[in-house]
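Asker: Have a look at this one before I ask anything.
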Amino acid sequence: MGTGSKSSHASYAVGTTAPSEAPEIPLAKPPTEPVSEQEMQAKADLLIAMNVLEEMADPPFAIDLEDALPDDPVEKYDLFIGQVEDAKAAIKRLKEEGASEEEIAAHTKALKARTLAFLNSLDDDELRQIAAAKGFEHPALVGLAGSGQHPLVHWLDPAYDSGILSKQKIQAKAQERYNELLAGGTVAGMTLADLHQLEGTEPPVSGGSWSATPEQVKESAQAITQSVSTYHHDAKFTAGPQQGEALQKMLAAEQKLASADCPELGEDLTTAKAHAKAMVDQAINHHYLSPLDVQPTVQDALASGNLTEAEAQHLTAREVVALVRPTTPESEAASLKELAAKRQEQLAKLDAAYATHSEMAPGGGEPLNLPSAGDAWAPQMIASWAENAGELQGMQNGVHGWYSQSQQSLADEPFAQHPGADAANYVHPEFLTNDFKAWAKGQKLSDLRTVAGEMGMDTAAGASRAHVQNYIAGCFDPKYDQAAIAEKAGAAAAKKAAAKAAAAAPKPVSSAGGLASDEAVQALAGKLPGKASTASPAPAAAVPAKAPKPAKPGSFNAKVQALMADLQHAKATSQDVPARVDDKEVAGWAFGPGTKASELGGTYAKTVHAAPDGSKWLFKADHNHGGALGHTEAAASHVLSLGGVPAVPVYSHKKADGIAGSIQPMVQGAKPFTSSPSQWTQSQVDAIVRSHVGSWMIGEHDGHKDNWLQTPSGGLVQIDRGQAYKHYGLDKLSVDYAPSGGGGFTPVHQSLYQAALGGGLAKGVTINPAVAHPVIKKFESVPDAQLRSILHSTAHEGAKAGVAWVPQMRSRAAKALKIPQSQVTHEQIAGAFLDHAVERKNTLRESFADFFVKQLKIPSAASLKHGGN
Amino acid sequence: MPTETNQPAGPSAVMATKAPVTSPWRMWILLVWHPALGLPMDPVAVLGLDERPDAPAQRVVRWVPLVYEAADPWRERLGESSTLEDAELWTTQSGACSAEAVEVPDGALDLAHAADLVLDDLLAEVIPALPSRDGA
């Protein structure tokens, strides 16, 4: 499968140019700007290289070049690489000569199309021969189909760096399949002997560092079988350190056999080792591995020198296991070591950036500690701070994925050494912008302009206060586009200057209409009572604020600080998730044609659409219920928003082709919530409790771990509420209730409560029933009529479509109306559903108070009952 | 990452036949959340099930190599066995994980080979086209 793209050829002359000939440069029209000699030369070089590449992929009929190409595929590939290098060098020179980004991107894209076309013109044998010559091990073990694009096409493609992960994966799969052959299996019907015959090589004879007798090898193999079995058992049925110890023993057994040398066994020893590796691979793949589970293995590896302290601290649990196993291919081990070093450096940079940032932005409700912008040395310092804040945000996002899975997370105070890695200390753009604007209010516009100028805003001199503030905030708040702001400021200043020049004589000031300048507003504000602080720096802002000291545990201050952190967490989540807009507004939007994810190679059923504002939305068809499920998910999301529970806004939608379903904006930048209860912070626990109130309100019990995301600001949001109301009327507010639970499907709130009851939460982290109060309060304030209105379609469409809750509501209606169930109408079923929803809302407070008191054994939660007034 | 099967590899090439028109095999791509895309679109494994009770291998899982913690949700879900009902349920879910049914590739010799072919397609075309998980 090639690119099939010949269209990109259009920009290049296609002719019979031999590599040594310089073609005429086709210029459709004279250049508007003089072209430098260097640029001209770079374009000519690029043209030559591109033409040669094209002809290598598809030699023209009766052209000398075909004859000139070497027959040997490796030589042909080398020639191809030479041309690609020439093309890349020419593109680089064009860039240096000032070519636009668009032009560079177009050349790069065209080059990628050429490389792909050439590689796709090679047959499987040629690809394998070239890959083997370039160091790929066992190329016959990938591209087993003989159809479709061959994985080696990507591996050999010089348009992509040789070390990228997607290429490493192809080599790793070949090595993995080779191990299967070594263990006595087959791959695509091929045996080990077949492969070696194909490669013209001999099967390896395994060696080792200790001399074993055949009996000892047998014993070692048995020890592995036993230890694998123990590991499976302990991982499945035990909690605590037992799983870690079983893992340690299994890996030690593998290590022992892998290092055995027994010439008497010949190839059988290789087979035994490969078989052992396959068993251990399979065992490890079956179970979740936490940093605690690998702790004993880490200690062993540190003691034996197989692992460094830095590697242990900067790799995740699975990565550590891969690194210490003797059977891990060298290339993978080298990549992991490199990764650990890179992360160590990443963390050091984060520490430095956080230290700089927190000095100026102490957080916890304190104002920014920036110097007065009028000080001689201040503009540069303020500009550096803003830029650093933006970089810090990226760094925090970078460490987020691995830190909680590393051995560092096991420390009593996991973030003591690296406070910037703590989600509670993440830079939140919205909050920082607010703090920054509060500080900027006390600064002179001219000083702020100097700061913006320092940051590269070339239109700062005539820019308004709003423009310069937003420009500076643009460093750390993606909502502001610095280039667009600078352009707007320039245009506004030009307009203002033109208007000023056009004014022949001063006009009387109009009492209405016309916006006053920022300077005028500032001057006027300064004269108003109580507004002096907007005209001149407030004393409080001028005096550097002290960074807050950590409060004494248990003190009131500690509680306040915890509350602030919690509030930040809740707000962060709601601001990371796209805001809900009016259903009618969304209904009026024209969504672009859907893009099936199948373009990425699968047959994904969902489609991605562009909203009028360009944002991406996901449409899910409801083929089985004519849109009833779309209504349900949309209503559930609407109800949750009324309670302030973070939720992705979902809307019922019908596509132009009549297919009904639901549509929702995509949540980009969020990551899976993968940690275990013992690693959860108080803020996360509180978020789960709040979300549980919402889940109960909408009768949704499918909130397992895979349905939760951690947002870029560290908040949590539950996604996929598709099972809302499914068990309505039958469900229970109980620690043990999980109709879809079991295995990996245990709702997160259930995992939380079970951990709390079993002492499995982190030190100092508890269930705090009070956090449920604001959510309950908000739900209580929703009028019954409003709730009925939101759920109207869900109730009526659902009753007609016979969705899961219908039997239960039919039974309730029959009971209430005192008629046989067979006589209950759709209308009455829908009515029973709506009555139940209202009843649930109105008993929310009492239900949760009882739940906390009786089931979680928190007597103080009884006070929740009295919080409604 | 290593490969897992419930049983040793399927019948040899000699014994195997081409997948029949109505194949007893079913295949799914197992996906996890891709932070840069904002969708469960990152393939971590291929699942193959054989509905026949006497099948030589009723389940085959082929893992995308060099995927570490990101594949954990599927490791936990798959457990020791998976049924057709499980897989069909997973395709209807749209949380941070998703399963997408794919056609059994032509020319597959056995279930394991079929899964390998799907995985090869992922390695050749899908994975290189995805942005990095951190959006870089």
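FYI, nothing fancy with the structure tokens labels: chains A, B, ... in order, residues from 1 per chain, ligands from 1 as they appear.
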Could you write out as JSON, numbers by chain the residues of chain B within 7 Å of chain A, counting only C-alpha atoms?
Answerer: {"B": [2, 3, 4, 8, 9, 12, 13, 33, 35, 36, 37, 38, 65, 66, 68, 69, 72, 73, 75, 76, 77, 79, 94, 95, 96, 97, 100, 101, 102, 109, 113, 117, 120, 123, 124, 125, 126, 127, 128, 129]}
Asker: Take the residues from that selection and put them in a file with N, CA and C atoms, as a short mmCIF file (atom, residue, chain, number, x, y, z; two decimals), in the first residue's frame.
Answerer:
```
data_model
loop_
_atom_site.label_atom_id
_atom_site.label_comp_id
_atom_site.auth_asym_id
_atom_site.auth_seq_id
_atom_site.Cartn_x
_atom_site.Cartn_y
_atom_site.Cartn_z
N PRO B 2 5.68 -8.73 25.82
CA PRO B 2 5.57 -10.11 25.39
C PRO B 2 4.17 -10.50 24.91
N THR B 3 4.12 -11.64 24.32
CA THR B 3 2.88 -12.13 23.77
C THR B 3 2.26 -13.14 24.71
N GLU B 4 0.96 -13.15 24.77
CA GLU B 4 0.31 -14.09 25.67
C GLU B 4 -0.72 -14.90 24.90
N PRO B 8 -0.50 -23.11 23.59
CA PRO B 8 0.60 -22.97 22.65
C PRO B 8 0.07 -22.53 21.29
N ALA B 9 1.00 -22.11 20.45
CA ALA B 9 0.60 -21.62 19.13
C ALA B 9 -0.24 -22.67 18.41
N SER B 12 0.08 -26.18 12.84
CA SER B 12 1.16 -25.79 11.94
C SER B 12 0.59 -25.45 10.57
N ALA B 13 1.45 -24.93 9.75
CA ALA B 13 1.02 -24.50 8.42
C ALA B 13 0.45 -25.67 7.62
N TRP B 33 -6.72 5.26 26.23
CA TRP B 33 -6.85 6.70 26.06
C TRP B 33 -5.56 7.30 25.48
N PRO B 35 -3.87 10.76 25.28
CA PRO B 35 -4.05 12.12 25.81
C PRO B 35 -4.02 13.20 24.75
N ALA B 36 -3.16 13.04 23.75
CA ALA B 36 -3.05 14.12 22.76
C ALA B 36 -4.27 14.15 21.84
N LEU B 37 -4.91 13.02 21.65
CA LEU B 37 -6.07 12.98 20.76
C LEU B 37 -7.38 13.20 21.50
N GLY B 38 -7.37 12.90 22.81
CA GLY B 38 -8.61 13.04 23.57
C GLY B 38 -9.62 11.96 23.23
N PRO B 65 4.33 -4.19 21.45
CA PRO B 65 5.53 -4.18 22.29
C PRO B 65 5.85 -2.80 22.86
N LEU B 66 6.65 -2.83 23.90
CA LEU B 66 7.17 -1.61 24.54
C LEU B 66 6.06 -0.68 25.05
N TYR B 68 4.09 -0.06 28.43
CA TYR B 68 4.22 -0.47 29.83
C TYR B 68 2.89 -0.20 30.56
N GLU B 69 2.86 0.75 31.48
CA GLU B 69 1.66 0.95 32.30
C GLU B 69 0.42 1.30 31.46
N ASP B 72 -2.17 -1.35 31.20
CA ASP B 72 -2.67 -1.99 32.43
C ASP B 72 -4.19 -2.17 32.47
N PRO B 73 -4.97 -1.17 32.02
CA PRO B 73 -6.42 -1.40 32.09
C PRO B 73 -6.83 -2.67 31.35
N ARG B 75 -4.85 -5.29 30.76
CA ARG B 75 -4.30 -6.47 31.46
C ARG B 75 -5.27 -6.90 32.55
N GLU B 76 -5.80 -5.90 33.25
CA GLU B 76 -6.74 -6.21 34.33
C GLU B 76 -8.05 -6.75 33.79
N ARG B 77 -8.52 -6.15 32.71
CA ARG B 77 -9.81 -6.58 32.16
C ARG B 77 -9.75 -7.98 31.59
N GLY B 79 -7.86 -10.56 32.25
CA GLY B 79 -7.76 -11.64 33.23
C GLY B 79 -7.33 -12.94 32.58
N SER B 94 -17.44 3.50 26.14
CA SER B 94 -16.67 4.59 25.55
C SER B 94 -15.97 5.41 26.61
N GLY B 95 -15.36 4.75 27.55
CA GLY B 95 -14.59 5.45 28.57
C GLY B 95 -13.17 5.66 28.09
N ALA B 96 -12.24 5.48 29.00
CA ALA B 96 -10.84 5.68 28.64
C ALA B 96 -10.28 4.48 27.86
N CYS B 97 -11.03 3.38 27.85
CA CYS B 97 -10.62 2.21 27.08
C CYS B 97 -11.72 1.89 26.07
N GLU B 100 -12.34 -2.26 19.53
CA GLU B 100 -12.91 -2.09 18.20
C GLU B 100 -12.81 -3.39 17.43
N ALA B 101 -13.95 -3.88 16.98
CA ALA B 101 -13.94 -5.13 16.22
C ALA B 101 -13.30 -4.89 14.85
N VAL B 102 -12.49 -5.83 14.43
CA VAL B 102 -11.89 -5.74 13.09
C VAL B 102 -12.14 -7.05 12.36
N LEU B 109 -3.53 -18.35 9.00
CA LEU B 109 -3.40 -19.80 9.15
C LEU B 109 -4.09 -20.31 10.40
N HIS B 113 -2.02 -16.45 14.18
CA HIS B 113 -1.52 -15.79 12.97
C HIS B 113 -2.43 -14.62 12.60
N LEU B 117 -1.31 -10.79 12.18
CA LEU B 117 -1.51 -9.98 10.96
C LEU B 117 -2.13 -8.63 11.31
N ASP B 120 0.53 -6.57 12.85
CA ASP B 120 1.47 -6.05 11.85
C ASP B 120 0.91 -4.80 11.16
N LEU B 123 1.42 -1.98 13.48
CA LEU B 123 2.82 -1.54 13.53
C LEU B 123 3.24 -0.81 12.26
N ALA B 124 2.67 -1.26 11.14
CA ALA B 124 3.08 -0.68 9.85
C ALA B 124 2.46 0.67 9.59
N GLU B 125 1.19 0.81 9.96
CA GLU B 125 0.50 2.03 9.51
C GLU B 125 -0.16 2.85 10.61
N VAL B 126 -0.74 2.17 11.59
CA VAL B 126 -1.51 2.93 12.58
C VAL B 126 -0.59 3.63 13.58
N ILE B 127 0.28 2.86 14.18
CA ILE B 127 1.12 3.44 15.25
C ILE B 127 2.04 4.56 14.72
N PRO B 128 2.66 4.38 13.54
CA PRO B 128 3.48 5.50 13.05
C PRO B 128 2.68 6.77 12.79
N ALA B 129 1.37 6.63 12.55
CA ALA B 129 0.56 7.82 12.24
C ALA B 129 0.08 8.55 13.48
#
```
Asker: Skipping near chain neighbours, those fewer than 2 positions away, what residues fall within 10 Å of Thr230 in chain A using only C-alpha atoms, listed as an mmCIF file with C-alpha atoms, in the first residue's frame?
Answerer:
```
data_model
loop_
_atom_site.group_PDB
_atom_site.id
_atom_site.type_symbol
_atom_site.label_atom_id
_atom_site.label_comp_id
_atom_site.auth_asym_id
_atom_site.auth_seq_id
_atom_site.Cartn_x
_atom_site.Cartn_y
_atom_site.Cartn_z
ATOM 1 C CA ILE A 224 10.069 -21.190 37.403
ATOM 2 C CA THR A 225 6.856 -23.124 36.832
ATOM 3 C CA GLN A 226 6.242 -23.175 40.580
ATOM 4 C CA SER A 227 7.069 -19.508 41.085
ATOM 5 C CA VAL A 228 4.858 -18.466 38.162
ATOM 6 C CA HIS A 232 -0.573 -15.853 39.690
ATOM 7 C CA HIS A 233 -2.188 -16.952 42.936
ATOM 8 C CA ASP A 234 -0.783 -14.173 45.106
ATOM 9 C CA ALA A 235 -1.490 -11.471 42.559
ATOM 10 C CA LYS A 236 -5.077 -12.606 42.305
ATOM 11 C CA GLN A 242 2.896 -11.026 49.209
ATOM 12 C CA GLN A 243 2.495 -10.251 45.514
ATOM 13 C CA GLU A 245 7.620 -11.206 47.141
ATOM 14 C CA ALA A 246 6.150 -13.674 44.646
ATOM 15 C CA LEU A 247 7.236 -11.427 41.791
ATOM 16 C CA LYS A 249 10.988 -14.999 43.477
ATOM 17 C CA MET A 250 9.681 -15.518 39.956
#
```
Asker: Which neighbours of Asp157 in chain A fall inside 8 Å, counting only C-alpha atoms, when residues of the same chain fewer than 4 positions from it are skipped, and could you give them as number ranges by chain?
Answerer: A: 115-116, 119, 153
Asker: Here is a test: counting only C-alpha atoms, which residue of B:Ala99, B:Leu119, B:Met41, B:Leu111 is nearest to Trp28 in chain B?
Answerer: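 Nearest candidate to Trp28 in chain B out of B:Ala99, B:Leu119, B:Met41, B:Leu111: B:Ala99.
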Asker: Go through chain B and collect every residue that DSSP, computed from the backbone, puts in strand (DSSP E or B); the answer should be as a CSV table (one decimal) with N, CA and C atoms, in the first residue's frame.
Answerer:
```csv
chain,number,residue,atom,x,y,z
B,4,GLU,N,1.0,-13.1,24.8
B,4,GLU,CA,0.3,-14.1,25.7
B,4,GLU,C,-0.7,-14.9,24.9
B,5,THR,N,-0.7,-16.2,25.1
B,5,THR,CA,-1.8,-17.0,24.5
B,5,THR,C,-2.2,-17.9,25.6
B,25,TRP,N,-13.5,-17.2,14.0
B,25,TRP,CA,-12.6,-16.3,14.8
B,25,TRP,C,-13.2,-14.9,14.8
B,26,ARG,N,-13.0,-14.2,15.9
B,26,ARG,CA,-13.4,-12.8,16.0
B,26,ARG,C,-12.2,-12.0,16.5
B,27,MET,N,-12.0,-10.8,16.0
B,27,MET,CA,-10.8,-10.1,16.3
B,27,MET,C,-11.2,-8.7,16.8
B,28,TRP,N,-10.4,-8.2,17.8
B,28,TRP,CA,-10.7,-6.8,18.3
B,28,TRP,C,-9.3,-6.1,18.5
B,29,ILE,N,-9.3,-4.8,18.3
B,29,ILE,CA,-8.1,-4.0,18.6
B,29,ILE,C,-8.5,-3.4,20.0
B,30,LEU,N,-7.6,-3.6,20.9
B,30,LEU,CA,-7.8,-3.0,22.3
B,30,LEU,C,-7.1,-1.7,22.4
B,31,LEU,N,-7.9,-0.7,22.8
B,31,LEU,CA,-7.4,0.7,22.7
B,31,LEU,C,-7.4,1.3,24.1
B,32,VAL,N,-6.4,2.2,24.4
B,32,VAL,CA,-6.5,3.0,25.6
B,32,VAL,C,-6.5,4.5,25.2
B,33,TRP,N,-6.7,5.3,26.2
B,33,TRP,CA,-6.8,6.7,26.1
B,33,TRP,C,-5.6,7.3,25.5
B,34,HIS,N,-5.7,8.1,24.5
B,34,HIS,CA,-4.6,8.8,23.9
B,34,HIS,C,-4.7,10.3,24.3
B,39,LEU,N,-9.1,10.8,22.9
B,39,LEU,CA,-10.0,9.6,22.5
B,39,LEU,C,-9.3,8.4,22.9
B,40,PRO,N,-10.0,7.3,23.2
B,40,PRO,CA,-9.4,6.0,23.3
B,40,PRO,C,-9.0,5.5,22.0
B,41,MET,N,-7.8,5.8,21.5
B,41,MET,CA,-7.4,5.6,20.2
B,41,MET,C,-5.9,5.0,20.1
B,42,ASP,N,-5.4,4.6,21.2
B,42,ASP,CA,-4.0,4.2,21.2
B,42,ASP,C,-4.0,2.6,21.3
B,43,PRO,N,-3.7,1.9,20.3
B,43,PRO,CA,-3.8,0.5,20.3
B,43,PRO,C,-2.7,-0.1,21.2
B,44,VAL,N,-3.1,-1.0,22.1
B,44,VAL,CA,-2.1,-1.7,22.9
B,44,VAL,C,-2.1,-3.2,22.8
B,45,ALA,N,-3.1,-3.8,22.1
B,45,ALA,CA,-3.2,-5.2,21.9
B,45,ALA,C,-4.2,-5.6,20.9
B,46,VAL,N,-4.1,-6.8,20.4
B,46,VAL,CA,-5.1,-7.4,19.6
B,46,VAL,C,-5.6,-8.6,20.3
B,47,LEU,N,-6.9,-8.7,20.3
B,47,LEU,CA,-7.6,-9.9,21.0
B,47,LEU,C,-8.2,-10.7,19.9
B,48,GLY,N,-8.0,-12.0,19.9
B,48,GLY,CA,-8.6,-13.0,19.0
B,48,GLY,C,-9.4,-14.0,19.8
B,49,LEU,N,-10.6,-14.3,19.4
B,49,LEU,CA,-11.4,-15.3,20.1
B,49,LEU,C,-11.9,-16.3,19.1
B,50,ASP,N,-11.8,-17.6,19.5
B,50,ASP,CA,-12.4,-18.7,18.6
B,50,ASP,C,-13.6,-19.2,19.3
B,59,ARG,N,-8.5,-18.3,23.0
B,59,ARG,CA,-8.2,-16.8,23.1
B,59,ARG,C,-6.7,-16.6,22.8
B,60,VAL,N,-6.4,-15.6,22.0
B,60,VAL,CA,-5.1,-15.1,21.7
B,60,VAL,C,-5.0,-13.6,22.0
B,61,VAL,N,-4.0,-13.2,22.7
B,61,VAL,CA,-3.8,-11.8,22.9
B,61,VAL,C,-2.4,-11.5,22.4
B,62,ARG,N,-2.3,-10.6,21.5
B,62,ARG,CA,-1.0,-10.1,21.0
B,62,ARG,C,-0.8,-8.7,21.5
B,63,TRP,N,0.2,-8.5,22.3
B,63,TRP,CA,0.4,-7.1,22.8
B,63,TRP,C,1.3,-6.3,21.9
B,97,CYS,N,-11.0,3.4,27.8
B,97,CYS,CA,-10.6,2.2,27.1
B,97,CYS,C,-11.7,1.9,26.1
B,98,SER,N,-11.3,1.3,25.0
B,98,SER,CA,-12.3,0.9,24.0
B,98,SER,C,-11.8,-0.3,23.3
B,99,ALA,N,-12.8,-1.1,22.8
B,99,ALA,CA,-12.4,-2.3,21.9
B,99,ALA,C,-13.1,-2.1,20.6
B,100,GLU,N,-12.3,-2.3,19.5
B,100,GLU,CA,-12.9,-2.1,18.2
B,100,GLU,C,-12.8,-3.4,17.4
B,101,ALA,N,-14.0,-3.9,17.0
B,101,ALA,CA,-13.9,-5.1,16.2
B,101,ALA,C,-13.3,-4.9,14.9
B,102,VAL,N,-12.5,-5.8,14.4
B,102,VAL,CA,-11.9,-5.7,13.1
B,102,VAL,C,-12.1,-7.1,12.4
```
Asker: Please provide as a ChimeraX atom specification all residues within 7 Å of range 352-359 of chain A, with the sequence filter that same-chain residues fewer than 5 positions apart are discarded (counting only C-alpha atoms).
Answerer: /A:385,388-389,392,420,547
Asker: If you measure from CA of His400 in chain A to CA of Gly714 in chain A, what distance in Å do you get, rounded to one decimal?
Answerer: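 Going from CA of His400 in chain A over to CA of Gly714 in chain A covers 8.8 Å.
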Asker: When you draw a straight line from CA of Lys256 in chain A to CA of Ala312 in chain A, how long is it in Å?
Answerer: 21.8 Å
Asker: Mind listing the alpha helix (DSSP H) residues of range 262-501 of chain A, per DSSP on the backbone, as a ChimeraX atom specification?
Answerer: /A:267-286,295-304,309-314,317-324,330-360,378-403,429-440,445-454,465-473,482-501
Asker: Suppose we keep C-alpha atoms; can you now write the selection as a short mmCIF file (atom, residue, chain, number, x, y, z; two decimals), in the first residue's frame?
Answerer:
```
data_model
loop_
_atom_site.label_atom_id
_atom_site.label_comp_id
_atom_site.auth_asym_id
_atom_site.auth_seq_id
_atom_site.Cartn_x
_atom_site.Cartn_y
_atom_site.Cartn_z
CA GLU A 267 19.58 -26.37 21.81
CA ASP A 268 17.26 -27.74 24.50
CA LEU A 269 18.71 -25.27 26.97
CA THR A 270 17.83 -22.39 24.61
CA THR A 271 14.32 -23.76 24.30
CA ALA A 272 13.97 -24.07 28.09
CA LYS A 273 15.12 -20.49 28.59
CA ALA A 274 12.79 -19.14 25.90
CA HIS A 275 9.90 -21.11 27.34
CA ALA A 276 10.62 -19.72 30.79
CA LYS A 277 10.69 -16.19 29.42
CA ALA A 278 7.34 -16.72 27.69
CA MET A 279 5.80 -17.98 30.94
CA VAL A 280 7.08 -15.02 32.93
CA ASP A 281 5.98 -12.59 30.21
CA GLN A 282 2.52 -14.05 30.33
CA ALA A 283 2.36 -13.92 34.12
CA ILE A 284 3.46 -10.31 34.26
CA ASN A 285 1.00 -9.39 31.54
CA HIS A 286 -1.87 -10.82 33.52
CA GLN A 295 9.86 -2.88 45.72
CA PRO A 296 11.49 -6.21 46.75
CA THR A 297 12.73 -6.73 43.18
CA VAL A 298 14.14 -3.22 43.14
CA GLN A 299 15.98 -3.82 46.40
CA ASP A 300 17.51 -7.02 45.01
CA ALA A 301 18.53 -5.31 41.80
CA LEU A 302 20.06 -2.38 43.64
CA ALA A 303 22.05 -4.74 45.87
CA SER A 304 23.32 -6.73 42.90
CA GLU A 309 19.17 4.30 42.40
CA ALA A 310 18.43 6.87 39.71
CA GLU A 311 16.86 4.25 37.47
CA ALA A 312 14.71 2.96 40.32
CA GLN A 313 13.54 6.48 41.09
CA HIS A 314 12.71 7.48 37.54
CA ALA A 317 7.00 -0.37 37.97
CA ARG A 318 6.77 -2.19 34.63
CA GLU A 319 9.75 -0.37 33.23
CA VAL A 320 11.87 -1.40 36.21
CA VAL A 321 10.83 -5.02 35.81
CA ALA A 322 11.70 -4.92 32.10
CA LEU A 323 15.07 -3.38 32.86
CA VAL A 324 16.13 -5.92 35.49
CA GLU A 330 19.60 -5.05 24.96
CA SER A 331 18.02 -2.39 22.78
CA GLU A 332 15.00 -2.15 25.10
CA ALA A 333 17.19 -2.05 28.20
CA ALA A 334 19.31 0.70 26.65
CA SER A 335 16.18 2.72 25.84
CA LEU A 336 14.95 2.36 29.41
CA LYS A 337 18.26 3.53 30.84
CA GLU A 338 18.18 6.48 28.50
CA LEU A 339 14.61 7.20 29.56
CA ALA A 340 15.55 7.17 33.24
CA ALA A 341 18.38 9.64 32.62
CA LYS A 342 16.08 11.87 30.59
CA ARG A 343 13.44 11.88 33.31
CA GLN A 344 16.01 12.68 35.98
CA GLU A 345 17.05 15.69 33.98
CA GLN A 346 13.39 16.58 33.38
CA LEU A 347 12.70 16.48 37.11
CA ALA A 348 15.74 18.61 37.93
CA LYS A 349 14.52 21.22 35.48
CA LEU A 350 11.06 21.07 36.99
CA ASP A 351 12.49 21.57 40.50
CA ALA A 352 14.39 24.64 39.38
CA ALA A 353 11.44 26.06 37.47
CA TYR A 354 9.09 25.45 40.39
CA ALA A 355 11.45 27.08 42.87
CA THR A 356 11.64 30.18 40.69
CA HIS A 357 7.91 30.20 40.12
CA SER A 358 6.80 29.67 43.71
CA GLU A 359 9.00 32.50 44.91
CA MET A 360 6.87 34.87 42.84
CA ALA A 378 11.82 44.48 37.01
CA PRO A 379 10.55 44.13 33.40
CA GLN A 380 13.10 41.48 32.55
CA MET A 381 12.39 39.63 35.80
CA ILE A 382 8.62 39.70 35.27
CA ALA A 383 8.99 38.57 31.67
CA SER A 384 11.22 35.67 32.77
CA TRP A 385 8.73 34.70 35.47
CA ALA A 386 5.84 34.59 33.00
CA GLU A 387 7.81 32.54 30.51
CA ASN A 388 9.00 30.22 33.25
CA ALA A 389 5.40 29.67 34.41
CA GLY A 390 4.45 28.50 30.93
CA GLU A 391 7.43 26.16 30.74
CA LEU A 392 6.73 24.83 34.23
CA GLN A 393 3.22 23.89 33.19
CA GLY A 394 4.60 21.77 30.35
CA MET A 395 7.13 20.15 32.68
CA GLN A 396 4.47 19.27 35.24
CA ASN A 397 2.42 17.66 32.53
CA GLY A 398 5.52 15.74 31.45
CA VAL A 399 6.24 14.14 34.83
CA HIS A 400 2.59 13.54 35.61
CA GLY A 401 2.41 10.21 33.79
CA TRP A 402 5.32 8.45 35.43
CA TYR A 403 6.01 9.99 38.84
CA PRO A 429 -3.61 28.95 33.79
CA GLU A 430 -6.97 30.41 34.81
CA PHE A 431 -5.99 31.05 38.43
CA LEU A 432 -2.58 32.37 37.54
CA THR A 433 -4.09 34.74 34.99
CA ASN A 434 -6.50 36.03 37.64
CA ASP A 435 -3.66 36.52 40.13
CA PHE A 436 -1.56 38.17 37.47
CA LYS A 437 -4.33 40.56 36.46
CA ALA A 438 -4.96 41.44 40.09
CA TRP A 439 -1.30 42.38 40.41
CA ALA A 440 -1.24 44.18 37.05
CA LEU A 445 0.37 50.80 31.74
CA SER A 446 3.70 52.15 30.48
CA ASP A 447 5.57 49.74 32.77
CA LEU A 448 3.47 46.80 31.62
CA ARG A 449 4.20 47.78 28.05
CA THR A 450 7.90 47.61 28.83
CA VAL A 451 7.42 44.10 30.20
CA ALA A 452 5.50 43.03 27.08
CA GLY A 453 8.15 44.63 24.90
CA GLU A 454 10.78 42.67 26.80
CA ARG A 465 -3.81 47.60 29.10
CA ALA A 466 -5.94 44.60 28.18
CA HIS A 467 -3.69 43.79 25.26
CA VAL A 468 -0.43 43.91 27.21
CA GLN A 469 -1.89 41.99 30.17
CA ASN A 470 -3.25 39.28 27.91
CA TYR A 471 -0.03 39.18 25.95
CA ILE A 472 1.99 38.56 29.11
CA ALA A 473 -0.55 36.02 30.39
CA GLN A 482 0.29 36.18 21.73
CA ALA A 483 0.73 36.67 17.98
CA ALA A 484 -2.95 37.52 17.51
CA ILE A 485 -2.90 39.93 20.45
CA ALA A 486 0.18 41.71 19.13
CA GLU A 487 -1.47 42.03 15.73
CA LYS A 488 -4.72 43.36 17.22
CA ALA A 489 -2.82 45.85 19.34
CA GLY A 490 -0.95 47.08 16.28
CA ALA A 491 -4.15 47.47 14.29
CA ALA A 492 -5.91 49.28 17.13
CA ALA A 493 -2.99 51.66 17.61
CA ALA A 494 -2.88 52.40 13.88
CA LYS A 495 -6.61 53.09 13.84
CA LYS A 496 -6.28 55.36 16.81
CA ALA A 497 -3.41 57.26 15.25
CA ALA A 498 -5.37 57.70 12.01
CA ALA A 499 -8.41 58.96 13.87
CA LYS A 500 -6.25 61.40 15.79
CA ALA A 501 -4.68 62.74 12.64
#
```
Asker: For Val586 in chain A, work out the shell of residues within 12 Å, counting only C-alpha atoms and skipping chain neighbours fewer than 2 positions away, then give it as a ChimeraX atom specification.
Answerer: /A:580-584,588-591,611-613,617,634,649-654,662-665
Asker: To one decimal place in Å, what is the distance between CA of His866 in chain A and CA of Glu846 in chain A?
Answerer: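 Straight-line distance from CA of His866 in chain A to CA of Glu846 in chain A works out to 9.1 Å.
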Asker: For a quick check of understanding, using only C-alpha atoms, which of A:Glu199, A:Asp78, A:Glu780, A:Glu700 has the smallest distance to Gln129 in chain A?
Answerer: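 Once distances to Gln129 in chain A are computed over only C-alpha atoms, the minimum belongs to A:Glu199.
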